[in-house]
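**Student:** After the structure tokens below, expect a handful of questions from me.
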Amino acid sequence: MTISRTRLVMGNWKMHGNLADNAKLLAGLCAGAGSIAAGTQLAVCVPFPYLAQASEALKGSAVAWGAQDVSAQAQGAFTGEVSGAMLKDFACRYALVGHSERRSLHGESDQLVAAKAKAALASGLTPVVCVGESLAERDANQVMAVIQRQLAPVLALGAEAVNKIVVAYEPVWAIGTGRTATPEQAQEVHAAIRAALQAIGAGQVQILYGGSVKAANAASLFAMPDIDGALVGGASLVAEDFLAIAA
Ligand code: 13P
């Protein structure tokens, strides 16, 4: 029996944008979202200061929004952190956790990433847990070992929690490099992630691919059985480019 999962095409703006440019981008998304195939959910993860702008612009549209990180803590003396409850105040649906840029530039551990996923769930957000190997790890044939290690503390949260998350496979060597994983390379890892999820009773979790996704390669990636959508960086900054991926 095949159960069809909804496709999710999510933009990660990273540290890009300003009020004026965002207004144009968000208006473009609202205008184009209606023509996206039924069964595809669109979403954007914007920098914290622009959540109010995004929620105002996207309210009532077919485009959901979220943040690029969330604190593992609920509240308190954690200068610079943003809690899940704060994100819910702005009607966020999603929060990225464990993006490779957070892992590598901010030293986020697998355990911290799982704690962030747990905190997001506790606030009613859907955490998008990012995993992926570096080029050195791929060259050393460690892809599956790295992914299993990154996922282990998340899977330890249990089936009930894991069934409410989204996983994004983003090979570090494909992020911002223009060098996309081939559909076959991505599918191989997605199938392994699916098997790990299946083993704890969460086999229908959405698994997104990320890393230099653009309109030209989206269709062949989406044709793979375990690729349920995309997490898009650079190409999410222009409405037509982002919508073309979803189309
Ligand atoms: P690019 O699409 O720019 O390669 O970025 C991918 C990414 O890191 C999305 O989270």
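Scheme for the structure tokens: letters A, B, ... for chains in order shown; per-chain residue numbers from 1; ligand numbers from 1 in order shown.
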Around ligand 1, out to 7 Å and counting only C-alpha atoms and all ligand atoms, which residues are there? I want them as a VMD selection string.

**Tutor:** chain A and resid 12 99 170 174 to 178 210 to 213 231 to 235

**Student:** Could you produce a table of the residues of segment 119-229 of chain A lying within 7 Å of segment 73-94 of chain A, with the nearest pair of atoms per residue and their separation in Å rounded to one decimal, using only C-alpha atoms, ordered by chain and increasing residue number, as JSON lines?

**Tutor:**
{"residue": "A:Ala119", "atom": "CA", "partner": "A:Gly84", "partner_atom": "CA", "distance": 6.7}
{"residue": "A:Ala120", "atom": "CA", "partner": "A:Gly84", "partner_atom": "CA", "distance": 5.4}
{"residue": "A:Ser123", "atom": "CA", "partner": "A:Gly84", "partner_atom": "CA", "distance": 5.3}
{"residue": "A:Leu125", "atom": "CA", "partner": "A:Arg93", "partner_atom": "CA", "distance": 5.3}
{"residue": "A:Thr126", "atom": "CA", "partner": "A:Tyr94", "partner_atom": "CA", "distance": 4.7}
{"residue": "A:Pro127", "atom": "CA", "partner": "A:Tyr94", "partner_atom": "CA", "distance": 5.7}
{"residue": "A:Val128", "atom": "CA", "partner": "A:Tyr94", "partner_atom": "CA", "distance": 6.8}

**Student:** Output all heavy atoms for every residue in that selection, as a compact mmCIF listing (two decimals), in the first residue's frame.

**Tutor:**
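This went into again-v2.txt:
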# COMPACT_ATOMS: atom_id res chain seq x y z
N ALA A 119 11.64 20.99 22.37
CA ALA A 119 11.08 22.26 22.82
C ALA A 119 10.10 22.82 21.79
O ALA A 119 9.05 23.36 22.14
CB ALA A 119 12.21 23.27 23.08
N ALA A 120 10.44 22.68 20.52
CA ALA A 120 9.53 23.15 19.46
C ALA A 120 8.20 22.40 19.54
O ALA A 120 7.13 23.02 19.50
CB ALA A 120 10.18 22.96 18.09
N SER A 123 5.89 23.47 22.19
CA SER A 123 5.21 24.74 21.91
C SER A 123 4.21 24.62 20.78
O SER A 123 3.63 25.62 20.34
CB SER A 123 6.24 25.82 21.55
OG SER A 123 7.14 26.01 22.60
N LEU A 125 4.96 23.69 17.68
CA LEU A 125 5.59 23.94 16.38
C LEU A 125 6.00 22.62 15.75
O LEU A 125 6.21 21.63 16.45
CB LEU A 125 6.86 24.79 16.58
CG LEU A 125 6.67 26.19 17.14
CD1 LEU A 125 7.99 26.68 17.73
CD2 LEU A 125 6.18 27.14 16.05
N THR A 126 6.16 22.63 14.45
CA THR A 126 6.72 21.48 13.76
C THR A 126 8.21 21.72 13.54
O THR A 126 8.57 22.60 12.76
CB THR A 126 6.03 21.27 12.38
OG1 THR A 126 4.65 21.03 12.60
CG2 THR A 126 6.65 20.10 11.63
N PRO A 127 9.07 20.97 14.23
CA PRO A 127 10.49 21.15 13.99
C PRO A 127 10.91 20.47 12.68
O PRO A 127 10.45 19.37 12.39
CB PRO A 127 11.16 20.46 15.20
CG PRO A 127 10.15 19.50 15.71
CD PRO A 127 8.79 19.99 15.29
N VAL A 128 11.74 21.17 11.93
CA VAL A 128 12.30 20.59 10.71
C VAL A 128 13.76 20.27 11.04
O VAL A 128 14.61 21.17 11.12
CB VAL A 128 12.19 21.58 9.53
CG1 VAL A 128 12.81 20.98 8.25
CG2 VAL A 128 10.73 21.95 9.29

**Student:** With only C-alpha atoms as the counted atoms, please give the residues lying no more than 8 Å from Ala247 of chain A, apart from itself and same-chain residues fewer than 5 positions off, as a list in words.

**Tutor:** Ser35, Ile36 and Ala37 of chain A

**Student:** So that I have them on file, write out the residues from the current selection with N, CA, C and O atoms, as a short mmCIF file (atom, residue, chain, number, x, y, z; two decimals), in the first residue's frame.

**Tutor:**
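Output file selection_2.cif is given in full below:
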data_model
loop_
_atom_site.label_atom_id
_atom_site.label_comp_id
_atom_site.auth_asym_id
_atom_site.auth_seq_id
_atom_site.Cartn_x
_atom_site.Cartn_y
_atom_site.Cartn_z
N SER A 35 -1.52 29.09 -7.75
CA SER A 35 -1.36 28.27 -8.95
C SER A 35 -0.47 27.04 -8.71
O SER A 35 -0.17 26.29 -9.64
N ILE A 36 -0.06 26.85 -7.46
CA ILE A 36 0.77 25.67 -7.14
C ILE A 36 -0.12 24.43 -7.06
O ILE A 36 -1.25 24.49 -6.59
N ALA A 37 0.43 23.33 -7.51
CA ALA A 37 -0.33 22.08 -7.54
C ALA A 37 -0.93 21.77 -6.17
O ALA A 37 -0.29 21.96 -5.14
#

**Student:** If you run DSSP over the backbone, which residues in segment 11-64 of chain A end up helix (DSSP H, G or I)? Put them as a PyMOL selection string.

**Tutor:** chain A and resi 19-33+48-58

**Student:** Check the smallest atom-to-atom distance from each of A:Ala181, A:Ala140, A:Ala196, A:Ala114 to Ala161 of chain A using only C-alpha atoms, then report the winner.

**Tutor:**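 Nearest candidate to Ala161 of chain A out of A:Ala181, A:Ala140, A:Ala196, A:Ala114: A:Ala114.
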
**Student:** Can you pull out every residue within 10 Å of segment 182-188 of chain A, counting only C-alpha atoms, but drop anything in the same chain fewer than 3 positions away, and send it as a list in words?

**Tutor:**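 Near neighbours after the sequence-gap exclusion: Met144, Tyr169, Glu170, Pro171, Arg179, Ala191, Ala192, Ile193, Arg194, Leu208, Tyr209, Gly210, Asn217, Ala218, Ala219, Ser220, Leu221, Phe222, Ala223, Met224, Pro225, Asp226 and Ile227 of chain A.
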
**Student:** Now that the selection is made, can you save its residues with C-alpha atoms as an mmCIF file, in the first residue's frame?

**Tutor:**
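Writing the result to out.cif gives the following:
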data_model
loop_
_atom_site.group_PDB
_atom_site.id
_atom_site.type_symbol
_atom_site.label_atom_id
_atom_site.label_comp_id
_atom_site.auth_asym_id
_atom_site.auth_seq_id
_atom_site.Cartn_x
_atom_site.Cartn_y
_atom_site.Cartn_z
ATOM 1 C CA MET A 144 25.001 6.652 6.846
ATOM 2 C CA TYR A 169 18.518 15.888 4.424
ATOM 3 C CA GLU A 170 21.000 18.566 3.418
ATOM 4 C CA PRO A 171 24.432 17.295 2.394
ATOM 5 C CA ARG A 179 26.425 21.176 -6.706
ATOM 6 C CA ALA A 191 15.525 5.639 1.966
ATOM 7 C CA ALA A 192 17.941 4.997 4.844
ATOM 8 C CA ILE A 193 16.363 7.818 6.858
ATOM 9 C CA ARG A 194 12.908 6.413 6.031
ATOM 10 C CA LEU A 208 12.871 17.040 2.474
ATOM 11 C CA TYR A 209 16.010 17.362 0.388
ATOM 12 C CA GLY A 210 18.085 20.542 0.562
ATOM 13 C CA ASN A 217 16.520 19.997 -10.769
ATOM 14 C CA ALA A 218 13.403 19.947 -8.563
ATOM 15 C CA ALA A 219 11.266 17.672 -10.734
ATOM 16 C CA SER A 220 13.851 14.898 -10.925
ATOM 17 C CA LEU A 221 14.426 15.075 -7.151
ATOM 18 C CA PHE A 222 10.688 15.070 -6.418
ATOM 19 C CA ALA A 223 10.244 12.016 -8.669
ATOM 20 C CA MET A 224 12.144 9.921 -6.112
ATOM 21 C CA PRO A 225 9.886 7.850 -3.846
ATOM 22 C CA ASP A 226 11.322 9.052 -0.525
ATOM 23 C CA ILE A 227 11.841 12.729 -1.383
#

**Student:** Taking the backbone alone, and naming residues the way the document does, which bits of segment 48-87 of chain A are strand (DSSP E or B) by DSSP, as a list in words?

**Tutor:**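 Assigned to strand (DSSP E or B), within segment 48-87 of chain A: Val63, Ala64, Trp65, Gly66 and Ala67 of chain A.
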
**Student:** Find the residues around segment 58-65 of chain A up to 12 Å (only C-alpha atoms counted), leave out those fewer than 2 positions away in its own chain, and share them as a PyMOL selection string.

**Tutor:** chain A and resi 8-13+22-23+25-48+50-56+67-68+87-88+90-96+125-126+239+242-243+246

**Student:** Quote the spacing between atom CA of Val143 of chain A and atom CA of Val166 of chain A in Å to one decimal place.

**Tutor:**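 Distance between the two atoms: 19.6 Å.
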
**Student:** Pick the closest to Val238 of chain A from A:Val172, A:Arg7, A:Lys24, A:Ile207: which is it, counting only C-alpha atoms?

**Tutor:** A:Lys24

**Student:** One number please: atom CA of Trp173 of chain A to atom CA of Ser109 of chain A, in Å, one decimal.

**Tutor:**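 Between atom CA of Trp173 of chain A and atom CA of Ser109 of chain A the gap works out to 19.2 Å.
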
**Student:** So what do you get for atom CA of Leu121 of chain A versus atom CA of Leu237 of chain A, distance-wise?

**Tutor:** 27.5 Å
